Each structure stands twice: as structure tokens, then as C-alpha cells.
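Shown below: model-v5.pdb, with PDB, C-alpha atoms.
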MODEL        1
ATOM      1  CA  MET B   1       8.468   0.529   6.617
ATOM      2  CA  ASN B   2      10.987   0.182   9.403
ATOM      3  CA  LYS B   3      10.881   3.326  11.527
ATOM      4  CA  ALA B   4      14.625   3.493  12.142
ATOM      5  CA  LEU B   5      15.389   3.279   8.427
ATOM      6  CA  LEU B   6      12.771   5.922   7.670
ATOM      7  CA  LEU B   7      14.299   8.351  10.123
ATOM      8  CA  ILE B   8      17.626   8.113   8.339
ATOM      9  CA  SER B   9      15.807   9.123   5.176
ATOM     10  CA  VAL B  10      14.043  12.191   6.448
ATOM     11  CA  ILE B  11      16.402  14.058   8.724
ATOM     12  CA  PRO B  12      18.443  13.897   6.328
ATOM     13  CA  VAL B  13      21.764  12.393   7.373
ATOM     14  CA  LEU B  14      24.485  14.009   5.278
ATOM     15  CA  ALA B  15      28.245  13.867   4.981
ATOM     16  CA  PHE B  16      29.396  17.149   6.524
ATOM     17  CA  SER B  17      32.850  18.605   6.234
ATOM     18  CA  GLN B  18      33.276  18.506  10.006
ATOM     19  CA  GLU B  19      34.742  15.314  11.484
ATOM     20  CA  LYS B  20      32.672  13.798  14.262
ATOM     21  CA  GLU B  21      33.804  11.195  16.755
ATOM     22  CA  VAL B  22      32.721   7.774  15.552
ATOM     23  CA  LEU B  23      30.049   6.354  17.848
ATOM     24  CA  ARG B  24      28.447   2.924  17.657
ATOM     25  CA  TYR B  25      25.489   1.243  19.269
ATOM     26  CA  PHE B  26      26.245  -1.902  21.267
ATOM     27  CA  LYS B  27      24.043  -4.642  22.669
ATOM     28  CA  THR B  28      24.427  -6.651  25.872
ATOM     29  CA  LYS B  29      23.474 -10.299  26.366
ATOM     30  CA  GLU B  30      20.200  -8.993  27.788
ATOM     31  CA  SER B  31      19.584  -7.178  24.455
ATOM     32  CA  LEU B  32      19.878  -3.774  26.095
ATOM     33  CA  VAL B  33      21.368  -1.062  23.900
ATOM     34  CA  GLY B  34      23.913   1.634  24.655
ATOM     35  CA  VAL B  35      26.569   3.638  22.784
ATOM     36  CA  LYS B  36      30.393   3.440  22.766
ATOM     37  CA  ASN B  37      33.123   5.278  20.937
ATOM     38  CA  ASN B  38      35.814   3.532  18.892
ATOM     39  CA  LYS B  39      38.080   3.317  21.948
ATOM     40  CA  GLY B  40      35.436   1.297  23.740
ATOM     41  CA  ASP B  41      34.515   4.087  26.146
ATOM     42  CA  ILE B  42      30.860   3.971  27.094
ATOM     43  CA  ILE B  43      29.065   7.185  26.067
ATOM     44  CA  VAL B  44      25.566   6.066  27.083
ATOM     45  CA  PRO B  45      25.166   2.925  29.241
ATOM     46  CA  ALA B  46      23.178  -0.023  27.858
ATOM     47  CA  GLN B  47      19.723   0.586  29.316
ATOM     48  CA  PHE B  48      17.365   0.710  26.330
ATOM     49  CA  LYS B  49      15.159  -1.945  24.787
ATOM     50  CA  ILE B  50      15.048  -1.167  21.063
ATOM     51  CA  TYR B  51      12.252  -2.354  18.742
ATOM     52  CA  SER B  52      13.884  -1.501  15.405
ATOM     53  CA  ASP B  53      16.307  -3.694  13.430
ATOM     54  CA  LEU B  54      19.341  -2.206  15.152
ATOM     55  CA  GLU B  55      22.458  -4.385  15.010
ATOM     56  CA  ASP B  56      25.355  -4.482  17.437
ATOM     57  CA  GLY B  57      28.029  -2.118  16.081
ATOM     58  CA  ASP B  58      25.725   0.043  13.964
ATOM     59  CA  LEU B  59      26.954   3.622  13.517
ATOM     60  CA  VAL B  60      25.261   6.508  15.276
ATOM     61  CA  GLU B  61      24.111   8.790  12.444
ATOM     62  CA  GLY B  62      23.300  12.464  12.727
ATOM     63  CA  GLU B  63      24.032  15.045  15.385
ATOM     64  CA  THR B  64      22.279  13.294  18.273
ATOM     65  CA  ILE B  65      21.834   9.751  19.575
ATOM     66  CA  LEU B  66      18.349   8.282  19.236
ATOM     67  CA  PHE B  67      17.254   5.270  21.273
ATOM     68  CA  ASP B  68      14.154   4.070  19.465
ATOM     69  CA  GLY B  69      12.441   2.256  22.336
ATOM     70  CA  GLU B  70      11.989   2.017  26.093
ATOM     71  CA  LYS B  71      14.372   2.774  28.956
ATOM     72  CA  LYS B  72      14.838   0.017  31.510
ATOM     73  CA  GLY B  73      13.184   0.769  34.829
ATOM     74  CA  GLN B  74      11.601   4.005  33.646
ATOM     75  CA  LYS B  75       7.999   4.576  32.686
ATOM     76  CA  SER B  76       7.673   6.542  29.455
ATOM     77  CA  GLN B  77       5.916   9.882  29.404
ATOM     78  CA  LYS B  78       2.487   9.809  27.819
ATOM     79  CA  ASN B  79       2.488  10.394  24.042
ATOM     80  CA  THR B  80       6.258   9.967  23.709
ATOM     81  CA  TRP B  81       8.519   7.451  22.015
ATOM     82  CA  GLY B  82      12.237   7.014  22.511
ATOM     83  CA  TYR B  83      15.015   9.044  24.094
ATOM     84  CA  VAL B  84      17.527  11.444  22.528
ATOM     85  CA  TYR B  85      21.017  12.205  23.859
ATOM     86  CA  ASP B  86      23.815  14.420  22.630
ATOM     87  CA  ARG B  87      27.019  12.830  21.352
ATOM     88  CA  LYS B  88      28.662  13.326  24.751
ATOM     89  CA  GLY B  89      26.013  11.222  26.471
ATOM     90  CA  ASN B  90      23.848  13.947  27.964
ATOM     91  CA  PHE B  91      20.078  13.432  27.861
ATOM     92  CA  LEU B  92      18.287  15.979  25.682
ATOM     93  CA  TYR B  93      14.598  15.160  25.223
ATOM     94  CA  THR B  94      11.868  12.599  24.585
ATOM     95  CA  PRO B  95      10.345  12.792  21.075
ATOM     96  CA  PHE B  96       6.602  13.102  20.529
ATOM     97  CA  LEU B  97       4.980   9.816  19.504
ATOM     98  CA  TYR B  98       3.954   9.929  15.836
ATOM     99  CA  ASP B  99       3.275   7.186  13.289
ATOM    100  CA  ASN B 100       4.250   4.442  15.773
ATOM    101  CA  GLY B 101       7.654   5.952  16.503
ATOM    102  CA  PRO B 102       9.544   9.173  17.273
ATOM    103  CA  ASP B 103       8.277  12.259  15.474
ATOM    104  CA  TYR B 104       9.812  13.151  12.096
ATOM    105  CA  PHE B 105      11.832  16.275  11.395
ATOM    106  CA  ILE B 106       9.549  18.461   9.285
ATOM    107  CA  GLU B 107      10.549  21.971   8.198
ATOM    108  CA  GLY B 108      13.738  21.589  10.232
ATOM    109  CA  VAL B 109      12.175  20.752  13.597
ATOM    110  CA  ARG B 110      10.738  17.824  15.542
ATOM    111  CA  ARG B 111       8.146  17.799  18.317
ATOM    112  CA  PHE B 112       9.137  16.725  21.822
ATOM    113  CA  VAL B 113       7.300  16.352  25.136
ATOM    114  CA  LYS B 114       8.171  17.709  28.555
ATOM    115  CA  ASN B 115       5.819  17.597  31.545
ATOM    116  CA  GLY B 116       2.929  16.775  29.220
ATOM    117  CA  LYS B 117       3.456  19.812  26.988
ATOM    118  CA  ILE B 118       4.723  19.828  23.397
ATOM    119  CA  GLY B 119       7.530  21.953  21.975
ATOM    120  CA  PHE B 120      10.050  21.769  19.111
ATOM    121  CA  VAL B 121      13.776  20.971  18.816
ATOM    122  CA  ASP B 122      16.176  21.291  15.894
ATOM    123  CA  ARG B 123      18.519  18.611  14.483
ATOM    124  CA  ASN B 124      21.165  19.472  17.119
ATOM    125  CA  GLY B 125      18.692  18.856  19.928
ATOM    126  CA  LYS B 126      18.397  22.558  20.722
ATOM    127  CA  ILE B 127      14.982  23.719  21.899
ATOM    128  CA  VAL B 128      13.637  26.240  19.393
ATOM    129  CA  ILE B 129      10.077  26.461  20.758
ATOM    130  CA  GLU B 130       9.460  25.828  24.440
ATOM    131  CA  PRO B 131       6.855  23.178  25.334
ATOM    132  CA  LYS B 132       3.707  24.993  26.453
ATOM    133  CA  HIS B 133       0.739  23.518  24.566
ATOM    134  CA  ASP B 134      -1.251  20.317  25.096
ATOM    135  CA  PHE B 135      -1.006  19.482  21.409
ATOM    136  CA  VAL B 136       0.803  20.968  18.401
ATOM    137  CA  ASN B 137       0.623  19.738  14.820
ATOM    138  CA  HIS B 138       3.775  19.556  12.693
ATOM    139  CA  PHE B 139       4.771  22.665  10.740
ATOM    140  CA  THR B 140       3.532  23.207   7.208
ATOM    141  CA  TYR B 141       4.430  26.319   5.211
ATOM    142  CA  GLY B 142       5.753  28.053   8.315
ATOM    143  CA  TYR B 143       2.771  27.429  10.590
ATOM    144  CA  ALA B 144       1.705  24.846  13.173
ATOM    145  CA  GLN B 145      -1.748  24.504  14.680
ATOM    146  CA  PHE B 146      -1.890  24.076  18.467
ATOM    147  CA  CYS B 147      -4.514  23.248  21.080
ATOM    148  CA  ASP B 148      -4.882  23.778  24.819
ATOM    149  CA  GLY B 149      -7.395  21.857  26.886
ATOM    150  CA  CYS B 150      -7.915  19.172  24.235
ATOM    151  CA  LYS B 151      -8.042  15.463  25.017
ATOM    152  CA  ARG B 152      -6.231  12.737  23.090
ATOM    153  CA  ASN B 153      -7.990   9.459  22.298
ATOM    154  CA  ASN B 154      -6.488   5.974  22.089
ATOM    155  CA  GLU B 155      -6.108   6.180  18.296
ATOM    156  CA  GLY B 156      -3.718   9.143  18.483
ATOM    157  CA  GLY B 157      -6.350  11.708  17.521
ATOM    158  CA  TYR B 158      -8.286  14.166  19.636
ATOM    159  CA  VAL B 159     -11.834  14.321  20.911
ATOM    160  CA  LYS B 160     -13.743  17.574  21.256
ATOM    161  CA  VAL B 161     -13.710  18.928  24.812
ATOM    162  CA  PRO B 162     -15.743  21.891  26.102
ATOM    163  CA  GLY B 163     -13.473  24.888  26.624
ATOM    164  CA  GLU B 164     -10.646  23.701  24.379
ATOM    165  CA  LYS B 165      -8.775  26.488  22.596
ATOM    166  CA  TRP B 166      -7.143  26.160  19.167
ATOM    167  CA  GLY B 167      -4.660  28.551  17.629
ATOM    168  CA  MET B 168      -1.846  28.928  15.096
ATOM    169  CA  MET B 169       1.842  29.540  15.792
ATOM    170  CA  ASN B 170       4.667  30.670  13.546
ATOM    171  CA  ALA B 171       8.215  29.271  13.462
ATOM    172  CA  LYS B 172       9.132  31.438  16.468
ATOM    173  CA  GLY B 173       6.335  29.920  18.546
ATOM    174  CA  GLU B 174       4.332  33.153  18.456
ATOM    175  CA  THR B 175       0.547  32.973  18.193
ATOM    176  CA  VAL B 176      -0.690  34.384  14.889
ATOM    177  CA  LYS B 177      -4.260  35.503  14.298
ATOM    178  CA  PRO B 178      -5.992  34.820  10.951
ATOM    179  CA  LEU B 179      -6.314  37.628   8.433
ATOM    180  CA  THR B 180      -9.580  39.409   7.726
ATOM    181  CA  THR B 181      -8.285  40.514   4.311
ATOM    182  CA  TYR B 182      -5.660  38.598   2.396
ATOM    183  CA  SER B 183      -3.627  38.433  -0.813
ATOM    184  CA  GLU B 184      -2.626  35.561  -3.110
ATOM    185  CA  ASN B 185       0.721  35.333  -1.284
ATOM    186  CA  ASP B 186      -0.941  34.479   2.010
ATOM    187  CA  VAL B 187      -1.588  30.873   3.036
ATOM    188  CA  LYS B 188      -4.895  29.133   3.763
ATOM    189  CA  ILE B 189      -4.780  26.659   6.658
ATOM    190  CA  VAL B 190      -7.823  24.926   8.132
ATOM    191  CA  GLY B 191     -10.155  27.302   6.302
ATOM    192  CA  LYS B 192      -8.465  30.539   7.426
ATOM    193  CA  TYR B 193      -5.805  32.771   5.877
ATOM    194  CA  TYR B 194      -2.509  33.672   7.537
ATOM    195  CA  PRO B 195       0.272  36.077   6.487
ATOM    196  CA  TYR B 196       2.995  34.881   4.129
ATOM    197  CA  PRO B 197       5.543  33.662   6.711
ATOM    198  CA  PHE B 198       8.908  33.791   4.912
ATOM    199  CA  GLN B 199      11.491  36.583   4.587
ATOM    200  CA  TYR B 200      14.663  36.407   2.498
ATOM    201  CA  ASN B 201      17.860  38.338   1.960
ATOM    202  CA  GLU B 202      19.341  38.812  -1.533
ATOM    203  CA  LYS B 203      21.456  35.643  -1.441
ATOM    204  CA  GLU B 204      18.462  33.578  -0.378
ATOM    205  CA  LYS B 205      16.332  35.103  -3.130
ATOM    206  CA  LYS B 206      18.941  33.994  -5.672
ATOM    207  CA  ILE B 207      18.870  30.468  -4.241
ATOM    208  CA  LEU B 208      15.116  30.310  -4.757
ATOM    209  CA  GLN B 209      15.438  31.772  -8.264
ATOM    210  CA  PHE B 210      17.505  28.719  -9.213
ATOM    211  CA  PHE B 211      14.410  26.570  -8.643
ATOM    212  CA  ASP B 212      11.823  29.087  -9.876
ATOM    213  CA  LYS B 213      13.563  29.268 -13.271
ATOM    214  CA  GLN B 214      12.916  25.523 -13.612
ATOM    215  CA  ASN B 215       9.372  25.636 -12.268
ATOM    216  CA  ALA B 216       7.652  24.276 -15.393
ATOM    217  CA  LEU B 217      10.109  21.404 -15.767
ATOM    218  CA  LEU B 218       9.968  20.438 -12.103
ATOM    219  CA  SER B 219       6.191  20.676 -12.138
ATOM    220  CA  ASP B 220       5.971  18.326 -15.136
ATOM    221  CA  LEU B 221       8.263  15.864 -13.379
ATOM    222  CA  TYR B 222       6.209  15.891 -10.217
ATOM    223  CA  TYR B 223       2.773  15.557 -11.795
ATOM    224  CA  VAL B 224       3.583  13.119 -14.622
ATOM    225  CA  ASN B 225       2.420  10.105 -12.591
ATOM    226  CA  GLN B 226      -0.683  11.749 -11.102
ATOM    227  CA  TYR B 227      -3.791  10.124 -12.505
ATOM    228  CA  ASN B 228      -6.134  13.033 -11.933
ATOM    229  CA  LYS B 229      -5.829  15.807 -14.505
ATOM    230  CA  ILE B 230      -4.169  18.886 -12.984
ATOM    231  CA  PRO B 231      -5.231  22.242 -14.509
ATOM    232  CA  GLU B 232      -2.253  24.195 -15.835
ATOM    233  CA  LYS B 233      -2.895  27.107 -13.479
ATOM    234  CA  GLU B 234      -2.635  24.719 -10.526
ATOM    235  CA  LYS B 235       0.681  23.183 -11.583
ATOM    236  CA  LYS B 236       2.876  26.050 -10.409
ATOM    237  CA  LEU B 237       5.197  25.028  -7.602
ATOM    238  CA  PHE B 238       6.346  27.153  -4.682
ATOM    239  CA  PHE B 239       9.851  26.875  -3.239
ATOM    240  CA  GLU B 240      10.670  28.076   0.265
ATOM    241  CA  ILE B 241      13.732  27.946   2.513
ATOM    242  CA  ILE B 242      12.681  26.145   5.677
ATOM    243  CA  GLU B 243      16.088  25.710   7.328
ATOM    244  CA  ARG B 244      19.249  27.800   7.288
ATOM    245  CA  PRO B 245      22.916  26.922   7.950
ATOM    246  CA  LYS B 246      23.731  26.202  11.561
ATOM    247  CA  GLU B 247      26.215  24.210  13.589
ATOM    248  CA  ASN B 248      26.649  20.765  11.998
ATOM    249  CA  PHE B 249      24.417  21.726   9.067
ATOM    250  CA  PRO B 250      26.118  23.969   6.470
ATOM    251  CA  TYR B 251      23.129  24.108   4.113
ATOM    252  CA  TYR B 252      19.900  25.832   3.245
ATOM    253  CA  GLN B 253      17.020  23.359   2.930
ATOM    254  CA  ILE B 254      14.410  24.149   0.300
ATOM    255  CA  ASN B 255      10.992  22.486   0.342
ATOM    256  CA  THR B 256       8.506  22.317  -2.520
ATOM    257  CA  TYR B 257       4.800  23.147  -2.138
ATOM    258  CA  ASP B 258       1.847  22.925  -4.496
ATOM    259  CA  TYR B 259      -0.509  25.785  -5.385
ATOM    260  CA  THR B 260      -2.395  25.360  -2.084
ATOM    261  CA  LYS B 261       0.945  25.747  -0.213
ATOM    262  CA  TYR B 262       0.801  22.094   0.803
ATOM    263  CA  ASP B 263       4.111  20.248   1.282
ATOM    264  CA  MET B 264       4.262  17.936  -1.729
ATOM    265  CA  GLY B 265       6.826  15.519  -0.333
ATOM    266  CA  MET B 266       6.220  15.297   3.396
ATOM    267  CA  LEU B 267       9.282  13.161   4.056
ATOM    268  CA  TYR B 268      11.880  13.640   1.349
ATOM    269  CA  ARG B 269      10.523  13.933  -2.202
ATOM    270  CA  PHE B 270      11.254  17.219  -4.013
ATOM    271  CA  LYS B 271      13.311  18.566  -1.130
ATOM    272  CA  PHE B 272      16.624  20.232  -1.865
ATOM    273  CA  LEU B 273      19.768  21.674  -0.313
ATOM    274  CA  ALA B 274      21.912  24.654  -1.226
ATOM    275  CA  SER B 275      25.457  25.173   0.007
ATOM    276  CA  GLU B 276      26.106  27.960   2.479
ATOM    277  CA  ASP B 277      27.529  30.171  -0.284
ATOM    278  CA  GLY B 278      24.423  29.536  -2.409
ATOM    279  CA  LYS B 279      26.401  28.177  -5.375
ATOM    280  CA  SER B 280      25.922  24.398  -5.152
ATOM    281  CA  PHE B 281      22.621  22.549  -5.170
ATOM    282  CA  TYR B 282      21.680  19.059  -4.068
ATOM    283  CA  ALA B 283      18.641  16.813  -3.746
ATOM    284  CA  ILE B 284      17.579  14.895  -0.645
ATOM    285  CA  LYS B 285      17.009  11.252  -1.454
ATOM    286  CA  ALA B 286      15.612   8.453   0.706
ATOM    287  CA  GLY B 287      18.422   6.449   2.271
ATOM    288  CA  ASN B 288      21.094   8.740   0.783
ATOM    289  CA  GLU B 289      23.753   9.693   3.301
ATOM    290  CA  LYS B 290      25.761  12.015   1.052
ATOM    291  CA  GLU B 291      25.126  15.149  -0.964
ATOM    292  CA  PHE B 292      23.385  14.142  -4.199
ATOM    293  CA  PRO B 293      24.058  16.743  -6.926
ATOM    294  CA  PHE B 294      20.946  18.404  -8.273
ATOM    295  CA  GLU B 295      21.987  17.798 -11.898
ATOM    296  CA  ASN B 296      22.258  14.042 -11.303
ATOM    297  CA  TRP B 297      18.932  13.974  -9.515
ATOM    298  CA  LEU B 298      17.302  15.897 -12.381
ATOM    299  CA  LYS B 299      18.619  13.435 -14.983
ATOM    300  CA  GLU B 300      17.234  10.516 -12.964
ATOM    301  CA  GLU B 301      13.837  12.198 -12.575
ATOM    302  CA  ILE B 302      13.642  12.945 -16.323
ATOM    303  CA  LYS B 303      14.566   9.368 -17.179
ATOM    304  CA  GLN B 304      11.932   8.006 -14.793
ATOM    305  CA  ALA B 305       9.292  10.416 -16.112
ATOM    306  CA  GLU B 306       9.968   9.430 -19.722
ATOM    307  CA  GLN B 307       9.852   5.737 -18.825
ATOM    308  CA  PHE B 308       6.605   6.152 -16.895
ATOM    309  CA  GLN B 309       5.002   8.013 -19.781
ATOM    310  CA  LYS B 310       6.147   5.321 -22.218
ATOM    311  CA  GLU B 311       4.558   2.633 -20.053
ATOM    312  CA  HIS B 312       1.433   4.717 -19.370
ATOM    313  CA  PRO B 313       0.645   6.619 -22.596
ATOM    314  CA  ASP B 314      -2.794   7.542 -21.236
ATOM    315  CA  ASN B 315      -1.376   9.581 -18.341
ATOM    316  CA  PRO B 316      -3.317  12.886 -18.231
ATOM    317  CA  ASN B 317      -0.396  15.091 -17.110
ATOM    318  CA  LYS B 318       2.132  14.856 -19.915
ATOM    319  CA  PHE B 319       5.859  15.343 -19.501
ATOM    320  CA  LYS B 320       6.332  17.835 -22.348
ATOM    321  CA  HIS B 321       9.879  19.122 -21.978
ATOM    322  CA  ASN B 322      12.313  17.976 -24.645
ATOM    323  CA  GLN B 323      15.663  17.398 -22.958
ATOM    324  CA  ASN B 324      17.651  16.619 -26.114
TER     325      ASN B 324
ENDMDL
END

Show me this structure written as C-alpha cells.
Amino acid sequence: MNKALLLISVIPVLAFSQEKEVLRYFKTKESLVGVKNNKGDIIVPAQFKIYSDLEDGDLVEGETILFDGEKKGQKSQKNTWGYVYDRKGNFLYTPFLYDNGPDYFIEGVRRFVKNGKIGFVDRNGKIVIEPKHDFVNHFTYGYAQFCDGCKRNNEGGYVKVPGEKWGMMNAKGETVKPLTTYSENDVKIVGKYYPYPFQYNEKEKKILQFFDKQNALLSDLYYVNQYNKIPEKEKKLFFEIIERPKENFPYYQINTYDYTKYDMGMLYRFKFLASEDGKSFYAIKAGNEKEFPFENWLKEEIKQAEQFQKEHPDNPNKFKHNQN
């Protein structure tokens, strides 16, 4: 899949109420890429060689400007891909290299590299965790594993090095030690248990109740096309708020996790939005650039589940809910 198209799917890019200046990519005869506004003023000079299917005149989506490629005359930092600027043309950061392109936004943040260390930025390009570790995994259920003193191999993985130190950080970048005693609310990561990482106010609890009340239905929809039989006790879904309203993003983002607290739709599947007042709900869809009402999404999912079950009557995880 084309990396540039995929990024549009996973950030997500949404139609906000705030009006932003229209910016467009432009290409020179030398195929170098820059950005202009609608008046023709150059925001970022053409100095990037882009490897995606970017066309001259394409809109700049999102809150920052991503150049998905190399910068002319500048050697890239190790383990990075691309350059990110703000919409005024100021350089912000270089994304961490992941899956042959710039790192994805997962649980509201993306990894970036500075002076060989890895940190995290939000969708506005603001640093939320300073770069201080040699390697950090992406966040999952509020935690990210990190390593100091480890060595990366040519395949993008890591080789064991004497003296390397591994740890776990929370969403504030604080190191968290594993629990010696734990409850069912705590989360197991890499064989160890860590404290339940989320805290909610009353409005946020009501947002999550909207999804919890439909847990059985949503579970049936998710598992209907899984060909291994899922025990009923393992079908319960967990919904957590992983991003709150901020500048340029007037939503709560809700992710869905399975019974092991694993993110069930790493990029976009079964991810939702709630309005800032907690009264309107939307789904995040691949390639969708506008709010997609939850009710419409639910009808589509039910229709697809019923069609799949009709075509595959032997599916072990039946869609049982009668929607008539």
C-alpha cells in the first residue's frame, strides 16, 4: 500500500470547524517538492525528493506538512524518514523510520528522532515526550517499551548487546516498574504486569459507557470473520480514550482492545471519535476525511457481517444479534 495514502488513513485527517489556510504541494522541473499557499507565496522551498505518488497541486492535509522523502543536500539522520514542518514553514522534526516510511500516529502520538534518540510528538508537532532513549516501541494500551544501549540491525530489528537496559514508560514518558501483585484491570505486556494506565472524569466515563453498552454487538461484528473459534469469555472488548481534545482536534479518540488489552485495529479499524461535549459519536474509516457518524458506520458493519455470514455459513463466530 502506498505510504502517503496510508498516512491519510491513520492520523486521521478530519474536517474541523476551524478554517485553515489552504496549502498545496508544488513540484519543480527537477521534481523537487515544496509548499505554497493559494496566493502563490512559498511556505517551504522546493528542496525535497518525494517517493510517494504526490502530484503537483495536491492539498496539504492535517495540522503539519510532511515531506515523505529526502532533503536535497542533506544527509538523513539514521533510522529516520521524511521531514515535518508546521503550516508556517518552520521545521519541526524528523519522523522515526517504520514500515518503509514515516512512523504512524498510534494512541495519538508518533515517534521522532533527534540526535540519535527517540521521543514522541502529537498531531500538531508538539513534543510530548522528549527524545532520550536509543529505541522506543509504539504505545499500546498506554505503555511503550524502551531500550538504552541496544543495537539496531539492518532489518530494522535489534540485536542483543551486553549491558543493554530495557524498561517501560507511560504516556508521560515516566518509567514504570512491573507489578509484583496485580488485578484483572492491570495489563500484561511482554510477560509482565503493569498498572491500569487510564483515568477518567465523569463526562469521559459516560463517553465510554456509550460503547460498553454495545459491547456484545460490537464484539460479534469484530469476530464474525475470524476463522478460529473465540471463547465467549474472551470476546469482551475494552474501550479506552487515548486522545483528548486539543488545538486543531476537538475530539476524544476511543480505541478498541481485545481481552488481552491488545489494540485490535492498529491503524484505523474499530477506532472512534466523540465530540468535545461527549454527545456525538463517529467512526474513523480508511481514506475518510470527514466525520463518519457512528450510526451509519454501525449499519454498514452489520450489513457486511450478515453478508459475510451468508457467504460463509461455517464461520465459527456467529453474528447473533437480530437488528430487525

Requested in this report: Extract, using all atoms listed in the file, all DNA, RNA and protein residues at most 7 Å from region 57-59 of chain B, discarding same-chain residues fewer than 4 positions from it, and format them as JSON, numbers by chain.
Outcome: {"B": [23, 24, 25, 26]}

**Report entry** Residue with smallest distance to Val84 (chain B) - pool B:Glu306, B:Asp122, B:Asp99, B:Asp53, counting only C-alpha atoms
**Finding:** B:Asp122

Query - Result set, the PyMOL selection byres ((chain B and resi 131) around 10) on current file, as a VMD selection string - result: chain B and resid 111 to 121 127 to 130 132 to 136 173

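With the shown file loaded, the PyMOL selection byres ((chain B and resi 174) around 12) picks out Val128, Ile129, Glu130, Lys132, His133, Gly142, Tyr143, Ala144, Gln145, Phe146, Gly167, Met168, Met169, Asn170, Ala171, Lys172, Gly173, Thr175, Val176, Lys177 and Pro197 of chain B.
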
Write the residues you've just listed into a file as a PDB file, in the frame of the given file, and include C-alpha atoms for each of them.
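See out28.pdb below for the written result:
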ATOM      1  CA  VAL B 128      13.637  26.240  19.393  1.00  0.00           C
ATOM      2  CA  ILE B 129      10.077  26.461  20.758  1.00  0.00           C
ATOM      3  CA  GLU B 130       9.460  25.828  24.440  1.00  0.00           C
ATOM      4  CA  LYS B 132       3.707  24.993  26.453  1.00  0.00           C
ATOM      5  CA  HIS B 133       0.739  23.518  24.566  1.00  0.00           C
ATOM      6  CA  GLY B 142       5.753  28.053   8.315  1.00  0.00           C
ATOM      7  CA  TYR B 143       2.771  27.429  10.590  1.00  0.00           C
ATOM      8  CA  ALA B 144       1.705  24.846  13.173  1.00  0.00           C
ATOM      9  CA  GLN B 145      -1.748  24.504  14.680  1.00  0.00           C
ATOM     10  CA  PHE B 146      -1.890  24.076  18.467  1.00  0.00           C
ATOM     11  CA  GLY B 167      -4.660  28.551  17.629  1.00  0.00           C
ATOM     12  CA  MET B 168      -1.846  28.928  15.096  1.00  0.00           C
ATOM     13  CA  MET B 169       1.842  29.540  15.792  1.00  0.00           C
ATOM     14  CA  ASN B 170       4.667  30.670  13.546  1.00  0.00           C
ATOM     15  CA  ALA B 171       8.215  29.271  13.462  1.00  0.00           C
ATOM     16  CA  LYS B 172       9.132  31.438  16.468  1.00  0.00           C
ATOM     17  CA  GLY B 173       6.335  29.920  18.546  1.00  0.00           C
ATOM     18  CA  THR B 175       0.547  32.973  18.193  1.00  0.00           C
ATOM     19  CA  VAL B 176      -0.690  34.384  14.889  1.00  0.00           C
ATOM     20  CA  LYS B 177      -4.260  35.503  14.298  1.00  0.00           C
ATOM     21  CA  PRO B 197       5.543  33.662   6.711  1.00  0.00           C
TER      22      PRO B 197
END

Query raised in the report: Hey, can you check how far CA of Pro195 (chain B) sits from CA of Phe139 (chain B)?
Result: 14.8 Å

Query - Point (14.4, 10.8, -13.8), cut-off 12 Å, counting all atoms listed in the file, residues as a PyMOL selection string - result: chain B and resi 217-218+220-222+224+294-309+319+323

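The list of residues with at least one atom within 6 Å of Ala274 (chain B), based on only C-alpha atoms and without residues fewer than 3 positions apart in the same chain, reads Tyr251, Tyr252, Gly278, Ser280 and Phe281 of chain B.
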
Have region 92-104 of chain B completed to N, CA, C and O atoms, please, and pass it along as a PDB file, in the frame of the given file.
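Result went into out.pdb, see below:
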ATOM      1  N   LEU B  92      18.828  14.747  26.251  1.00  0.00           N
ATOM      2  CA  LEU B  92      18.287  15.979  25.682  1.00  0.00           C
ATOM      3  C   LEU B  92      16.771  16.067  25.796  1.00  0.00           C
ATOM      4  O   LEU B  92      16.235  17.015  26.361  1.00  0.00           O
ATOM      5  N   TYR B  93      16.062  15.067  25.243  1.00  0.00           N
ATOM      6  CA  TYR B  93      14.598  15.160  25.223  1.00  0.00           C
ATOM      7  C   TYR B  93      13.963  13.824  24.858  1.00  0.00           C
ATOM      8  O   TYR B  93      14.644  12.900  24.400  1.00  0.00           O
ATOM      9  N   THR B  94      12.650  13.758  25.025  1.00  0.00           N
ATOM     10  CA  THR B  94      11.868  12.599  24.585  1.00  0.00           C
ATOM     11  C   THR B  94      10.987  13.041  23.414  1.00  0.00           C
ATOM     12  O   THR B  94      10.196  13.977  23.543  1.00  0.00           O
ATOM     13  N   PRO B  95      11.136  12.404  22.241  1.00  0.00           N
ATOM     14  CA  PRO B  95      10.345  12.792  21.075  1.00  0.00           C
ATOM     15  C   PRO B  95       8.849  12.513  21.268  1.00  0.00           C
ATOM     16  O   PRO B  95       8.448  11.583  21.971  1.00  0.00           O
ATOM     17  N   PHE B  96       8.046  13.317  20.611  1.00  0.00           N
ATOM     18  CA  PHE B  96       6.602  13.102  20.529  1.00  0.00           C
ATOM     19  C   PHE B  96       6.336  11.814  19.751  1.00  0.00           C
ATOM     20  O   PHE B  96       7.021  11.503  18.780  1.00  0.00           O
ATOM     21  N   LEU B  97       5.359  11.047  20.194  1.00  0.00           N
ATOM     22  CA  LEU B  97       4.980   9.816  19.504  1.00  0.00           C
ATOM     23  C   LEU B  97       4.170  10.149  18.263  1.00  0.00           C
ATOM     24  O   LEU B  97       3.122  10.789  18.335  1.00  0.00           O
ATOM     25  N   TYR B  98       4.653   9.677  17.096  1.00  0.00           N
ATOM     26  CA  TYR B  98       3.954   9.929  15.836  1.00  0.00           C
ATOM     27  C   TYR B  98       4.201   8.774  14.883  1.00  0.00           C
ATOM     28  O   TYR B  98       5.350   8.351  14.696  1.00  0.00           O
ATOM     29  N   ASP B  99       3.153   8.254  14.275  1.00  0.00           N
ATOM     30  CA  ASP B  99       3.275   7.186  13.289  1.00  0.00           C
ATOM     31  C   ASP B  99       4.033   5.984  13.859  1.00  0.00           C
ATOM     32  O   ASP B  99       4.938   5.441  13.235  1.00  0.00           O
ATOM     33  N   ASN B 100       3.677   5.609  15.091  1.00  0.00           N
ATOM     34  CA  ASN B 100       4.250   4.442  15.773  1.00  0.00           C
ATOM     35  C   ASN B 100       5.744   4.566  16.044  1.00  0.00           C
ATOM     36  O   ASN B 100       6.465   3.558  16.107  1.00  0.00           O
ATOM     37  N   GLY B 101       6.243   5.753  16.201  1.00  0.00           N
ATOM     38  CA  GLY B 101       7.654   5.952  16.503  1.00  0.00           C
ATOM     39  C   GLY B 101       7.929   7.400  16.857  1.00  0.00           C
ATOM     40  O   GLY B 101       7.004   8.199  17.033  1.00  0.00           O
ATOM     41  N   PRO B 102       9.209   7.776  16.974  1.00  0.00           N
ATOM     42  CA  PRO B 102       9.544   9.173  17.273  1.00  0.00           C
ATOM     43  C   PRO B 102       9.155  10.093  16.125  1.00  0.00           C
ATOM     44  O   PRO B 102       9.248   9.722  14.961  1.00  0.00           O
ATOM     45  N   ASP B 103       8.730  11.281  16.464  1.00  0.00           N
ATOM     46  CA  ASP B 103       8.277  12.259  15.474  1.00  0.00           C
ATOM     47  C   ASP B 103       9.342  12.517  14.411  1.00  0.00           C
ATOM     48  O   ASP B 103      10.544  12.448  14.677  1.00  0.00           O
ATOM     49  N   TYR B 104       8.903  12.808  13.186  1.00  0.00           N
ATOM     50  CA  TYR B 104       9.812  13.151  12.096  1.00  0.00           C
ATOM     51  C   TYR B 104      10.312  14.589  12.249  1.00  0.00           C
ATOM     52  O   TYR B 104       9.695  15.407  12.925  1.00  0.00           O
TER      53      TYR B 104
END
